[in-house]
Each structure stands twice: as structure tokens, then as C-alpha cells.
>>> print(open('run-v4.cif').read())   # mmCIF, N, CA and C atoms
data_input
loop_
_atom_site.label_atom_id
_atom_site.label_comp_id
_atom_site.auth_asym_id
_atom_site.auth_seq_id
_atom_site.Cartn_x
_atom_site.Cartn_y
_atom_site.Cartn_z
N MET W 434 -42.84 -13.54 37.88
CA MET W 434 -43.52 -12.98 36.73
C MET W 434 -42.57 -12.85 35.53
N LYS W 435 -41.33 -12.33 35.77
CA LYS W 435 -40.34 -12.18 34.71
C LYS W 435 -39.98 -13.53 34.12
N MET W 436 -39.83 -14.53 34.99
CA MET W 436 -39.46 -15.86 34.53
C MET W 436 -40.55 -16.46 33.65
N LYS W 437 -41.80 -16.24 34.02
CA LYS W 437 -42.93 -16.79 33.26
C LYS W 437 -43.01 -16.10 31.89
N LEU W 438 -42.78 -14.81 31.84
CA LEU W 438 -42.80 -14.07 30.59
C LEU W 438 -41.66 -14.53 29.69
N HIS W 439 -40.49 -14.74 30.29
CA HIS W 439 -39.32 -15.19 29.54
C HIS W 439 -39.59 -16.56 28.92
N LYS W 440 -40.17 -17.48 29.68
CA LYS W 440 -40.49 -18.81 29.18
C LYS W 440 -41.52 -18.73 28.05
N SER W 441 -42.47 -17.84 28.19
CA SER W 441 -43.50 -17.69 27.16
C SER W 441 -42.90 -17.20 25.84
N ILE W 442 -41.96 -16.30 25.94
CA ILE W 442 -41.29 -15.78 24.74
C ILE W 442 -40.47 -16.87 24.09
N VAL W 443 -39.75 -17.66 24.87
CA VAL W 443 -38.93 -18.74 24.34
C VAL W 443 -39.81 -19.76 23.63
N VAL W 444 -40.93 -20.12 24.24
CA VAL W 444 -41.85 -21.09 23.66
C VAL W 444 -42.42 -20.53 22.35
N LEU W 445 -42.79 -19.27 22.33
CA LEU W 445 -43.34 -18.65 21.13
C LEU W 445 -42.31 -18.67 19.99
N VAL W 446 -41.06 -18.33 20.29
CA VAL W 446 -40.01 -18.34 19.28
C VAL W 446 -39.80 -19.75 18.74
N LEU W 447 -39.77 -20.75 19.62
CA LEU W 447 -39.60 -22.13 19.17
C LEU W 447 -40.75 -22.59 18.29
N VAL W 448 -41.97 -22.28 18.70
CA VAL W 448 -43.15 -22.69 17.94
C VAL W 448 -43.13 -22.04 16.56
N LEU W 449 -42.86 -20.74 16.50
CA LEU W 449 -42.79 -20.05 15.21
C LEU W 449 -41.65 -20.61 14.36
N GLY W 450 -40.53 -20.90 14.99
CA GLY W 450 -39.39 -21.45 14.27
C GLY W 450 -39.69 -22.80 13.65
N LEU W 451 -40.50 -23.60 14.31
CA LEU W 451 -40.85 -24.92 13.81
C LEU W 451 -41.95 -24.88 12.76
N PHE W 452 -42.95 -24.05 12.97
CA PHE W 452 -44.12 -24.06 12.09
C PHE W 452 -44.08 -23.03 10.96
N PHE W 453 -43.32 -21.98 11.10
CA PHE W 453 -43.29 -20.94 10.08
C PHE W 453 -42.87 -21.48 8.71
N PRO W 454 -41.79 -22.29 8.64
CA PRO W 454 -41.43 -22.83 7.33
C PRO W 454 -42.52 -23.71 6.72
N ALA W 455 -43.29 -24.37 7.54
CA ALA W 455 -44.34 -25.25 7.03
C ALA W 455 -45.52 -24.45 6.45
N ILE W 456 -45.79 -23.27 7.02
CA ILE W 456 -46.94 -22.50 6.55
C ILE W 456 -46.58 -21.50 5.45
N THR W 457 -45.31 -21.26 5.26
CA THR W 457 -44.87 -20.39 4.16
C THR W 457 -44.00 -21.22 3.23
N LYS W 458 -44.43 -21.37 2.01
CA LYS W 458 -43.67 -22.17 1.04
C LYS W 458 -42.66 -21.29 0.32
N ALA W 459 -41.48 -21.84 0.13
CA ALA W 459 -40.46 -21.14 -0.64
C ALA W 459 -40.83 -21.21 -2.12
N GLN W 460 -40.41 -20.23 -2.86
CA GLN W 460 -40.70 -20.20 -4.29
C GLN W 460 -39.90 -21.32 -4.96
N THR W 461 -40.59 -22.19 -5.67
CA THR W 461 -39.92 -23.32 -6.32
C THR W 461 -39.81 -23.13 -7.83
N VAL W 462 -40.49 -22.16 -8.40
CA VAL W 462 -40.45 -21.90 -9.83
C VAL W 462 -39.97 -20.48 -10.05
N SER W 463 -39.00 -20.33 -10.95
CA SER W 463 -38.51 -18.98 -11.25
C SER W 463 -39.60 -18.19 -11.97
N TYR W 464 -39.74 -16.95 -11.60
CA TYR W 464 -40.72 -16.07 -12.25
C TYR W 464 -39.98 -15.23 -13.28
N VAL W 465 -40.50 -15.19 -14.47
CA VAL W 465 -39.95 -14.33 -15.51
C VAL W 465 -40.97 -13.25 -15.81
N ALA W 466 -40.59 -12.02 -15.57
CA ALA W 466 -41.50 -10.90 -15.82
C ALA W 466 -41.74 -10.77 -17.32
N HIS W 467 -42.85 -10.24 -17.67
CA HIS W 467 -43.17 -10.03 -19.08
C HIS W 467 -43.05 -8.55 -19.41
N TYR W 468 -41.85 -8.04 -19.23
CA TYR W 468 -41.55 -6.64 -19.48
C TYR W 468 -41.56 -6.41 -20.97
N THR W 469 -42.33 -5.49 -21.41
CA THR W 469 -42.30 -5.13 -22.82
C THR W 469 -42.41 -3.61 -22.92
N GLU W 470 -41.30 -3.02 -23.16
CA GLU W 470 -41.26 -1.57 -23.31
C GLU W 470 -41.80 -1.22 -24.69
N LYS W 471 -42.56 -0.15 -24.76
CA LYS W 471 -43.14 0.27 -26.03
C LYS W 471 -42.08 0.89 -26.93
N ASP W 472 -42.27 0.72 -28.21
CA ASP W 472 -41.37 1.27 -29.22
C ASP W 472 -41.39 2.79 -29.15
N GLN W 473 -40.21 3.37 -28.89
CA GLN W 473 -40.09 4.82 -28.80
C GLN W 473 -39.25 5.41 -29.93
N ILE W 474 -39.02 4.61 -30.96
CA ILE W 474 -38.17 5.06 -32.06
C ILE W 474 -38.91 6.10 -32.89
N LYS W 475 -38.31 7.28 -33.00
CA LYS W 475 -38.93 8.38 -33.73
C LYS W 475 -38.58 8.33 -35.22
N HIS W 476 -37.34 7.89 -35.53
CA HIS W 476 -36.88 7.85 -36.92
C HIS W 476 -36.09 6.56 -37.14
N ASP W 477 -36.32 5.92 -38.29
CA ASP W 477 -35.58 4.70 -38.63
C ASP W 477 -34.16 5.00 -39.06
N THR W 478 -33.89 6.27 -39.40
CA THR W 478 -32.57 6.67 -39.87
C THR W 478 -32.08 7.88 -39.08
N LEU W 479 -30.87 7.75 -38.55
CA LEU W 479 -30.21 8.88 -37.89
C LEU W 479 -29.09 9.33 -38.82
N VAL W 480 -28.93 10.64 -39.00
CA VAL W 480 -27.91 11.16 -39.91
C VAL W 480 -26.93 12.01 -39.11
N ASP W 481 -25.65 11.65 -39.23
CA ASP W 481 -24.59 12.41 -38.58
C ASP W 481 -24.38 13.68 -39.40
N LYS W 482 -24.64 14.83 -38.82
CA LYS W 482 -24.55 16.10 -39.54
C LYS W 482 -23.12 16.47 -39.90
N GLN W 483 -22.13 15.92 -39.19
CA GLN W 483 -20.74 16.26 -39.48
C GLN W 483 -20.20 15.58 -40.73
N ASP W 484 -20.50 14.30 -40.91
CA ASP W 484 -19.92 13.60 -42.06
C ASP W 484 -20.95 12.93 -42.98
N GLY W 485 -22.24 13.09 -42.68
CA GLY W 485 -23.28 12.56 -43.55
C GLY W 485 -23.56 11.07 -43.43
N THR W 486 -22.91 10.40 -42.48
CA THR W 486 -23.14 8.96 -42.29
C THR W 486 -24.57 8.74 -41.81
N LYS W 487 -25.22 7.73 -42.42
CA LYS W 487 -26.58 7.36 -42.03
C LYS W 487 -26.52 6.08 -41.20
N PHE W 488 -27.27 6.06 -40.13
CA PHE W 488 -27.39 4.89 -39.26
C PHE W 488 -28.85 4.45 -39.35
N ILE W 489 -29.04 3.27 -39.92
CA ILE W 489 -30.39 2.82 -40.24
C ILE W 489 -30.74 1.58 -39.42
N ILE W 490 -31.89 1.62 -38.77
CA ILE W 490 -32.38 0.44 -38.06
C ILE W 490 -33.41 -0.25 -38.95
N ASP W 491 -33.33 -1.58 -39.02
CA ASP W 491 -34.23 -2.32 -39.91
C ASP W 491 -35.65 -2.39 -39.33
N ARG W 492 -36.59 -2.84 -40.14
CA ARG W 492 -38.00 -2.88 -39.73
C ARG W 492 -38.26 -3.84 -38.57
N LYS W 493 -37.47 -4.89 -38.48
CA LYS W 493 -37.66 -5.86 -37.39
C LYS W 493 -37.04 -5.37 -36.07
N ARG W 494 -36.32 -4.24 -36.16
CA ARG W 494 -35.70 -3.61 -34.98
C ARG W 494 -34.61 -4.50 -34.36
N ILE W 495 -33.81 -5.11 -35.25
CA ILE W 495 -32.74 -5.99 -34.80
C ILE W 495 -31.37 -5.48 -35.25
N PHE W 496 -31.24 -5.12 -36.52
CA PHE W 496 -29.96 -4.71 -37.09
C PHE W 496 -29.85 -3.19 -37.23
N ILE W 497 -28.63 -2.70 -37.04
CA ILE W 497 -28.32 -1.30 -37.30
C ILE W 497 -27.17 -1.29 -38.31
N THR W 498 -27.33 -0.50 -39.36
CA THR W 498 -26.33 -0.43 -40.43
C THR W 498 -25.86 1.01 -40.58
N ALA W 499 -24.54 1.16 -40.75
CA ALA W 499 -23.96 2.49 -41.00
C ALA W 499 -23.58 2.57 -42.47
N ILE W 500 -24.04 3.64 -43.15
CA ILE W 500 -23.75 3.85 -44.57
C ILE W 500 -23.18 5.26 -44.74
N ASP W 501 -22.03 5.34 -45.39
CA ASP W 501 -21.42 6.67 -45.55
C ASP W 501 -22.14 7.49 -46.62
N LYS W 502 -21.74 8.73 -46.80
CA LYS W 502 -22.45 9.64 -47.71
C LYS W 502 -22.36 9.21 -49.17
N ASN W 503 -21.43 8.30 -49.50
CA ASN W 503 -21.30 7.77 -50.86
C ASN W 503 -22.10 6.48 -51.07
N GLY W 504 -22.79 6.03 -50.03
CA GLY W 504 -23.59 4.82 -50.14
C GLY W 504 -22.87 3.54 -49.77
N LYS W 505 -21.63 3.63 -49.29
CA LYS W 505 -20.86 2.45 -48.91
C LYS W 505 -21.22 2.02 -47.49
N GLN W 506 -21.48 0.70 -47.32
CA GLN W 506 -21.78 0.19 -45.98
C GLN W 506 -20.49 0.15 -45.17
N LEU W 507 -20.52 0.81 -44.01
CA LEU W 507 -19.34 0.85 -43.14
C LEU W 507 -19.35 -0.32 -42.15
N TRP W 508 -20.50 -0.60 -41.61
CA TRP W 508 -20.67 -1.73 -40.69
C TRP W 508 -22.15 -2.05 -40.53
N LYS W 509 -22.41 -3.26 -40.05
CA LYS W 509 -23.77 -3.70 -39.74
C LYS W 509 -23.67 -4.53 -38.48
N THR W 510 -24.56 -4.29 -37.54
CA THR W 510 -24.49 -5.01 -36.28
C THR W 510 -25.87 -5.43 -35.77
N ASP W 511 -25.90 -6.57 -35.15
CA ASP W 511 -27.02 -7.03 -34.34
C ASP W 511 -26.45 -7.01 -32.94
N PRO W 512 -26.60 -5.91 -32.21
CA PRO W 512 -25.91 -5.76 -30.94
C PRO W 512 -26.15 -6.90 -29.94
N ALA W 513 -27.36 -7.41 -29.86
CA ALA W 513 -27.65 -8.48 -28.89
C ALA W 513 -26.89 -9.76 -29.23
N THR W 514 -26.95 -10.17 -30.49
CA THR W 514 -26.29 -11.41 -30.89
C THR W 514 -24.78 -11.25 -30.99
N ASP W 515 -24.34 -10.17 -31.61
CA ASP W 515 -22.90 -9.95 -31.77
C ASP W 515 -22.17 -9.89 -30.43
N ASN W 516 -22.85 -9.45 -29.41
CA ASN W 516 -22.22 -9.32 -28.10
C ASN W 516 -22.65 -10.40 -27.12
N LYS W 517 -23.36 -11.39 -27.63
CA LYS W 517 -23.76 -12.56 -26.85
C LYS W 517 -24.49 -12.19 -25.55
N LEU W 518 -25.44 -11.24 -25.68
CA LEU W 518 -26.24 -10.90 -24.51
C LEU W 518 -27.06 -12.13 -24.13
N GLU W 519 -27.09 -12.43 -22.85
CA GLU W 519 -27.85 -13.59 -22.39
C GLU W 519 -29.34 -13.32 -22.51
N GLU W 520 -30.09 -14.39 -22.74
CA GLU W 520 -31.54 -14.27 -22.83
C GLU W 520 -32.06 -13.67 -21.52
N TYR W 521 -32.90 -12.67 -21.65
CA TYR W 521 -33.41 -11.97 -20.48
C TYR W 521 -34.82 -11.48 -20.78
N ARG W 522 -35.77 -12.08 -20.12
CA ARG W 522 -37.19 -11.72 -20.22
C ARG W 522 -37.86 -12.06 -21.55
N THR W 523 -37.15 -11.99 -22.66
CA THR W 523 -37.71 -12.35 -23.96
C THR W 523 -36.70 -13.20 -24.70
N LYS W 524 -37.19 -14.07 -25.57
CA LYS W 524 -36.28 -14.92 -26.35
C LYS W 524 -35.45 -14.08 -27.32
N ARG W 525 -36.10 -13.16 -28.01
CA ARG W 525 -35.42 -12.34 -29.01
C ARG W 525 -35.77 -10.88 -28.77
N PRO W 526 -34.88 -10.15 -28.11
CA PRO W 526 -35.19 -8.74 -27.86
C PRO W 526 -35.17 -7.90 -29.13
N THR W 527 -35.99 -6.87 -29.14
CA THR W 527 -35.99 -5.93 -30.26
C THR W 527 -35.69 -4.54 -29.72
N ILE W 528 -35.10 -3.73 -30.56
CA ILE W 528 -34.70 -2.38 -30.15
C ILE W 528 -35.93 -1.48 -30.14
N VAL W 529 -36.12 -0.78 -29.02
CA VAL W 529 -37.26 0.13 -28.89
C VAL W 529 -36.83 1.58 -28.70
N TYR W 530 -35.53 1.81 -28.54
CA TYR W 530 -35.03 3.17 -28.40
C TYR W 530 -33.74 3.26 -29.21
N PHE W 531 -33.61 4.32 -30.03
CA PHE W 531 -32.50 4.45 -30.99
C PHE W 531 -32.30 5.93 -31.24
N GLU W 532 -31.31 6.55 -30.58
CA GLU W 532 -31.07 7.99 -30.68
C GLU W 532 -29.59 8.31 -30.48
N PHE W 533 -29.16 9.43 -31.06
CA PHE W 533 -27.83 9.95 -30.77
C PHE W 533 -27.78 10.47 -29.34
N SER W 534 -26.59 10.43 -28.76
CA SER W 534 -26.39 10.99 -27.43
C SER W 534 -25.00 11.58 -27.34
N ASN W 535 -24.90 12.71 -26.64
CA ASN W 535 -23.61 13.35 -26.39
C ASN W 535 -23.23 13.24 -24.92
N GLU W 536 -23.84 12.31 -24.20
CA GLU W 536 -23.59 12.17 -22.76
C GLU W 536 -22.17 11.72 -22.45
N LEU W 537 -21.58 10.95 -23.35
CA LEU W 537 -20.20 10.50 -23.15
C LEU W 537 -19.26 11.52 -23.78
N LYS W 538 -17.98 11.25 -23.76
CA LYS W 538 -17.01 12.20 -24.32
C LYS W 538 -17.15 12.37 -25.83
N LYS W 539 -17.81 11.41 -26.47
CA LYS W 539 -18.05 11.50 -27.91
C LYS W 539 -19.50 11.13 -28.19
N GLN W 540 -19.96 11.49 -29.38
CA GLN W 540 -21.35 11.18 -29.73
C GLN W 540 -21.47 9.67 -30.01
N VAL W 541 -22.50 9.06 -29.44
CA VAL W 541 -22.76 7.63 -29.60
C VAL W 541 -24.24 7.44 -29.94
N ILE W 542 -24.61 6.21 -30.23
CA ILE W 542 -26.02 5.88 -30.46
C ILE W 542 -26.50 5.07 -29.26
N LEU W 543 -27.46 5.63 -28.54
CA LEU W 543 -28.04 4.91 -27.41
C LEU W 543 -29.12 3.96 -27.94
N ILE W 544 -29.14 2.74 -27.40
CA ILE W 544 -30.22 1.82 -27.74
C ILE W 544 -30.74 1.16 -26.47
N SER W 545 -32.02 0.83 -26.49
CA SER W 545 -32.65 0.05 -25.42
C SER W 545 -33.48 -1.03 -26.09
N TYR W 546 -33.56 -2.16 -25.43
CA TYR W 546 -34.36 -3.27 -25.94
C TYR W 546 -35.68 -3.38 -25.19
N ASN W 547 -36.62 -4.10 -25.77
CA ASN W 547 -37.93 -4.27 -25.15
C ASN W 547 -37.87 -5.13 -23.89
N ASN W 548 -36.73 -5.71 -23.59
CA ASN W 548 -36.58 -6.50 -22.36
C ASN W 548 -35.83 -5.73 -21.28
N SER W 549 -35.59 -4.46 -21.49
CA SER W 549 -34.94 -3.49 -20.59
C SER W 549 -33.42 -3.49 -20.65
N GLN W 550 -32.80 -4.33 -21.47
CA GLN W 550 -31.35 -4.26 -21.63
C GLN W 550 -31.03 -3.01 -22.45
N ALA W 551 -29.87 -2.41 -22.15
CA ALA W 551 -29.53 -1.15 -22.83
C ALA W 551 -28.03 -0.97 -22.92
N GLY W 552 -27.66 -0.07 -23.82
CA GLY W 552 -26.25 0.25 -23.99
C GLY W 552 -26.08 1.29 -25.08
N TYR W 553 -24.86 1.39 -25.60
CA TYR W 553 -24.62 2.35 -26.66
C TYR W 553 -23.71 1.75 -27.72
N ILE W 554 -23.79 2.33 -28.91
CA ILE W 554 -23.00 1.87 -30.05
C ILE W 554 -22.02 2.98 -30.44
N ASP W 555 -20.77 2.59 -30.62
CA ASP W 555 -19.75 3.51 -31.13
C ASP W 555 -20.05 3.76 -32.60
N LYS W 556 -20.23 5.01 -32.98
CA LYS W 556 -20.60 5.35 -34.36
C LYS W 556 -19.53 4.96 -35.38
N GLN W 557 -18.29 4.99 -34.99
CA GLN W 557 -17.20 4.70 -35.92
C GLN W 557 -17.05 3.21 -36.21
N THR W 558 -17.19 2.38 -35.18
CA THR W 558 -16.89 0.95 -35.30
C THR W 558 -18.12 0.04 -35.31
N GLY W 559 -19.25 0.53 -34.77
CA GLY W 559 -20.43 -0.32 -34.62
C GLY W 559 -20.38 -1.20 -33.40
N LYS W 560 -19.34 -1.05 -32.59
CA LYS W 560 -19.21 -1.86 -31.38
C LYS W 560 -20.25 -1.43 -30.35
N PHE W 561 -20.91 -2.43 -29.76
CA PHE W 561 -21.94 -2.20 -28.76
C PHE W 561 -21.33 -2.34 -27.37
N TYR W 562 -21.68 -1.41 -26.48
CA TYR W 562 -21.23 -1.44 -25.09
C TYR W 562 -22.46 -1.59 -24.20
N PHE W 563 -22.55 -2.74 -23.58
CA PHE W 563 -23.69 -3.05 -22.71
C PHE W 563 -23.59 -2.24 -21.43
N GLN W 564 -24.70 -1.57 -21.05
CA GLN W 564 -24.69 -0.75 -19.84
C GLN W 564 -25.53 -1.34 -18.71
N GLY W 565 -26.40 -2.30 -19.01
CA GLY W 565 -27.15 -2.92 -17.93
C GLY W 565 -28.57 -3.27 -18.32
N GLN W 566 -29.30 -3.69 -17.30
CA GLN W 566 -30.69 -4.11 -17.47
C GLN W 566 -31.42 -3.91 -16.16
N ASP W 567 -32.74 -3.73 -16.25
CA ASP W 567 -33.55 -3.59 -15.03
C ASP W 567 -33.93 -4.94 -14.52
#
>>> encode(input="run-v4.cif", output="C-alpha cells")
Amino acid sequence: MKMKLHKSIVVLVLVLGLFFPAITKAQTVSYVAHYTEKDQIKHDTLVDKQDGTKFIIDRKRIFITAIDKNGKQLWKTDPATDNKLEEYRTKRPTIVYFEFSNELKKQVILISYNNSQAGYIDKQTGKFYFQGQD
């Protein structure tokens, strides 16, 4: 009885091993999700209360510009392009989140894109630090 059961199990494993790949097809086309996070930007301009610097995001939600209290442009950045972020989910990501944060040792500007990529911008230099993507 044990021998017959053992043979049956071996035959079943062999049959499944041979036919399973034929009945289940491997994915041959890459799937790209259509993630689109909604715009959560509350204000187009953030103002640093300590020194009066304004951080302005443009209407297309691509560029961020820093302007000091005298109206002089300190820096302007397109974080995705300037940092050569690879295309991910969308051809041209747009910023959907733009706020100050004190989570790090210094105050920074957190940004998120509609394709789920995110990071923060150093307020002094405009340098973008990529933190990841979903």
C-alpha cells in the first residue's frame, strides 16, 4: 500500500511538473501601473518665517524657485530633471505635495510626485535628495 501511494505521488509530481508550465503562461509584457496621486498642494508659495525667503512652485508643478526677501532669485530647480530621475509610471511627473518639514535635523521642503517618487529639497541650496518610490 505504501509503495503504491509513493508511486502515485511521484507520478502526480511529474505530471504537474510537465504540464503546469504549459497551462500557466509567464508574463511576457511589462505592466506599468497608472498611479496618479491627487494634487495635495495647499499653497503655491511657502514662506520661511526666519528669513523671509519665498519658495514658489510654478503652475505646471515642475519648477520650484527660491526668492529672498529683497526679490532676488536664489535658486530654481526642476528636481526630477536636475537629478536625472528615471522615468517611472509617467513620462513627466508633476509635484503633488509641497510642504516644509522639520523631520530631519534642519527644515527642508518635502515633495512628492504624481508617480509616487518622493524626496526633499535643501532650502539653502535647492538640492533635491531622492528618498524613494512605491
>>> resolve_selection(input="run-v4.cif", expression="the PyMOL selection byres ((chain W and resi 479) around 8)", output="list of chain:residue names")
W:His476, W:Asp477, W:Thr478, W:Val480, W:Asp481, W:Lys482, W:Gly485, W:Thr486, W:Lys487, W:Phe488, W:Ile489, W:Ile490, W:Phe531, W:Glu532, W:Phe533
>>> resolve_selection(input="run-v4.cif", expression="the PyMOL selection byres ((chain W and resi 536-553) around 6.5)", output="compact mmCIF listing (two decimals) with N, CA and C atoms, keeping the file's coordinate frame")
# COMPACT_ATOMS: atom_id res chain seq x y z
N TYR W 468 -41.85 -8.04 -19.23
CA TYR W 468 -41.55 -6.64 -19.48
C TYR W 468 -41.56 -6.41 -20.97
N THR W 469 -42.33 -5.49 -21.41
CA THR W 469 -42.30 -5.13 -22.82
C THR W 469 -42.41 -3.61 -22.92
N GLU W 470 -41.30 -3.02 -23.16
CA GLU W 470 -41.26 -1.57 -23.31
C GLU W 470 -41.80 -1.22 -24.69
N LYS W 471 -42.56 -0.15 -24.76
CA LYS W 471 -43.14 0.27 -26.03
C LYS W 471 -42.08 0.89 -26.93
N TYR W 521 -32.90 -12.67 -21.65
CA TYR W 521 -33.41 -11.97 -20.48
C TYR W 521 -34.82 -11.48 -20.78
N ARG W 522 -35.77 -12.08 -20.12
CA ARG W 522 -37.19 -11.72 -20.22
C ARG W 522 -37.86 -12.06 -21.55
N THR W 523 -37.15 -11.99 -22.66
CA THR W 523 -37.71 -12.35 -23.96
C THR W 523 -36.70 -13.20 -24.70
N PRO W 526 -34.88 -10.15 -28.11
CA PRO W 526 -35.19 -8.74 -27.86
C PRO W 526 -35.17 -7.90 -29.13
N THR W 527 -35.99 -6.87 -29.14
CA THR W 527 -35.99 -5.93 -30.26
C THR W 527 -35.69 -4.54 -29.72
N ILE W 528 -35.10 -3.73 -30.56
CA ILE W 528 -34.70 -2.38 -30.15
C ILE W 528 -35.93 -1.48 -30.14
N VAL W 529 -36.12 -0.78 -29.02
CA VAL W 529 -37.26 0.13 -28.89
C VAL W 529 -36.83 1.58 -28.70
N TYR W 530 -35.53 1.81 -28.54
CA TYR W 530 -35.03 3.17 -28.40
C TYR W 530 -33.74 3.26 -29.21
N PHE W 531 -33.61 4.32 -30.03
CA PHE W 531 -32.50 4.45 -30.99
C PHE W 531 -32.30 5.93 -31.24
N GLU W 532 -31.31 6.55 -30.58
CA GLU W 532 -31.07 7.99 -30.68
C GLU W 532 -29.59 8.31 -30.48
N PHE W 533 -29.16 9.43 -31.06
CA PHE W 533 -27.83 9.95 -30.77
C PHE W 533 -27.78 10.47 -29.34
N SER W 534 -26.59 10.43 -28.76
CA SER W 534 -26.39 10.99 -27.43
C SER W 534 -25.00 11.58 -27.34
N ASN W 535 -24.90 12.71 -26.64
CA ASN W 535 -23.61 13.35 -26.39
C ASN W 535 -23.23 13.24 -24.92
N ILE W 554 -23.79 2.33 -28.91
CA ILE W 554 -23.00 1.87 -30.05
C ILE W 554 -22.02 2.98 -30.44
N ASP W 555 -20.77 2.59 -30.62
CA ASP W 555 -19.75 3.51 -31.13
C ASP W 555 -20.05 3.76 -32.60
N LYS W 556 -20.23 5.01 -32.98
CA LYS W 556 -20.60 5.35 -34.36
C LYS W 556 -19.53 4.96 -35.38
N LYS W 560 -19.34 -1.05 -32.59
CA LYS W 560 -19.21 -1.86 -31.38
C LYS W 560 -20.25 -1.43 -30.35
N PHE W 561 -20.91 -2.43 -29.76
CA PHE W 561 -21.94 -2.20 -28.76
C PHE W 561 -21.33 -2.34 -27.37
N TYR W 562 -21.68 -1.41 -26.48
CA TYR W 562 -21.23 -1.44 -25.09
C TYR W 562 -22.46 -1.59 -24.20
N PHE W 563 -22.55 -2.74 -23.58
CA PHE W 563 -23.69 -3.05 -22.71
C PHE W 563 -23.59 -2.24 -21.43
N GLN W 564 -24.70 -1.57 -21.05
CA GLN W 564 -24.69 -0.75 -19.84
C GLN W 564 -25.53 -1.34 -18.71
N GLY W 565 -26.40 -2.30 -19.01
CA GLY W 565 -27.15 -2.92 -17.93
C GLY W 565 -28.57 -3.27 -18.32
N GLN W 566 -29.30 -3.69 -17.30
CA GLN W 566 -30.69 -4.11 -17.47
C GLN W 566 -31.42 -3.91 -16.16
N ASP W 567 -32.74 -3.73 -16.25
CA ASP W 567 -33.55 -3.59 -15.03
C ASP W 567 -33.93 -4.94 -14.52
>>> atom_distance(input="run-v4.cif", atom1="atom C of Asp484 (chain W)", atom2="atom N of Leu507 (chain W)")
12.2 Å
>>> axis_aligned_box(input="run-v4.cif", around="region 477-490 of chain W", padding_each_side="3 Å", output="lines of an AutoDock Vina configuration file")
center_x = -28.1
center_y = 8.1
center_z = -40.7
size_x = 22.4
size_y = 22.7
size_z = 11.7
>>> resolve_selection(input="run-v4.cif", expression="the PyMOL selection byres ((chain W and resi 496-499) around 7)", output="PyMOL selection string")
chain W and resi 486-495+500-501+505-512
>>> atom_distance(input="run-v4.cif", atom1="atom N of Lys517 (chain W)", atom2="CA of Gly559 (chain W)")
13.4 Å
>>> atom_distance(input="run-v4.cif", atom1="CA of Arg525 (chain W)", atom2="CA of Ala513 (chain W)")
8.7 Å
>>> decode(input="run-v4.cif", residues="region 521-540 of chain W", atoms="C-alpha atoms", output="mmCIF file, in the first residue's frame")
data_model
loop_
_atom_site.group_PDB
_atom_site.id
_atom_site.type_symbol
_atom_site.label_atom_id
_atom_site.label_comp_id
_atom_site.auth_asym_id
_atom_site.auth_seq_id
_atom_site.Cartn_x
_atom_site.Cartn_y
_atom_site.Cartn_z
ATOM 1 C CA TYR W 521 8.660 55.814 -13.600
ATOM 2 C CA ARG W 522 4.954 55.291 -14.251
ATOM 3 C CA THR W 523 4.574 58.631 -16.078
ATOM 4 C CA LYS W 524 6.603 60.317 -18.798
ATOM 5 C CA ARG W 525 6.703 63.664 -16.997
ATOM 6 C CA PRO W 526 5.973 63.612 -13.281
ATOM 7 C CA THR W 527 4.416 66.624 -11.612
ATOM 8 C CA ILE W 528 4.708 67.654 -7.986
ATOM 9 C CA VAL W 529 1.589 66.922 -5.949
ATOM 10 C CA TYR W 530 2.933 67.528 -2.437
ATOM 11 C CA PHE W 531 4.984 70.593 -1.394
ATOM 12 C CA GLU W 532 5.416 71.445 2.319
ATOM 13 C CA PHE W 533 8.017 72.383 4.912
ATOM 14 C CA SER W 534 9.166 69.628 7.226
ATOM 15 C CA ASN W 535 11.232 69.561 10.413
ATOM 16 C CA GLU W 536 11.612 65.770 10.415
ATOM 17 C CA LEU W 537 15.321 65.976 9.609
ATOM 18 C CA LYS W 538 17.918 67.871 11.636
ATOM 19 C CA LYS W 539 17.059 71.008 9.657
ATOM 20 C CA GLN W 540 13.944 72.342 7.982
#
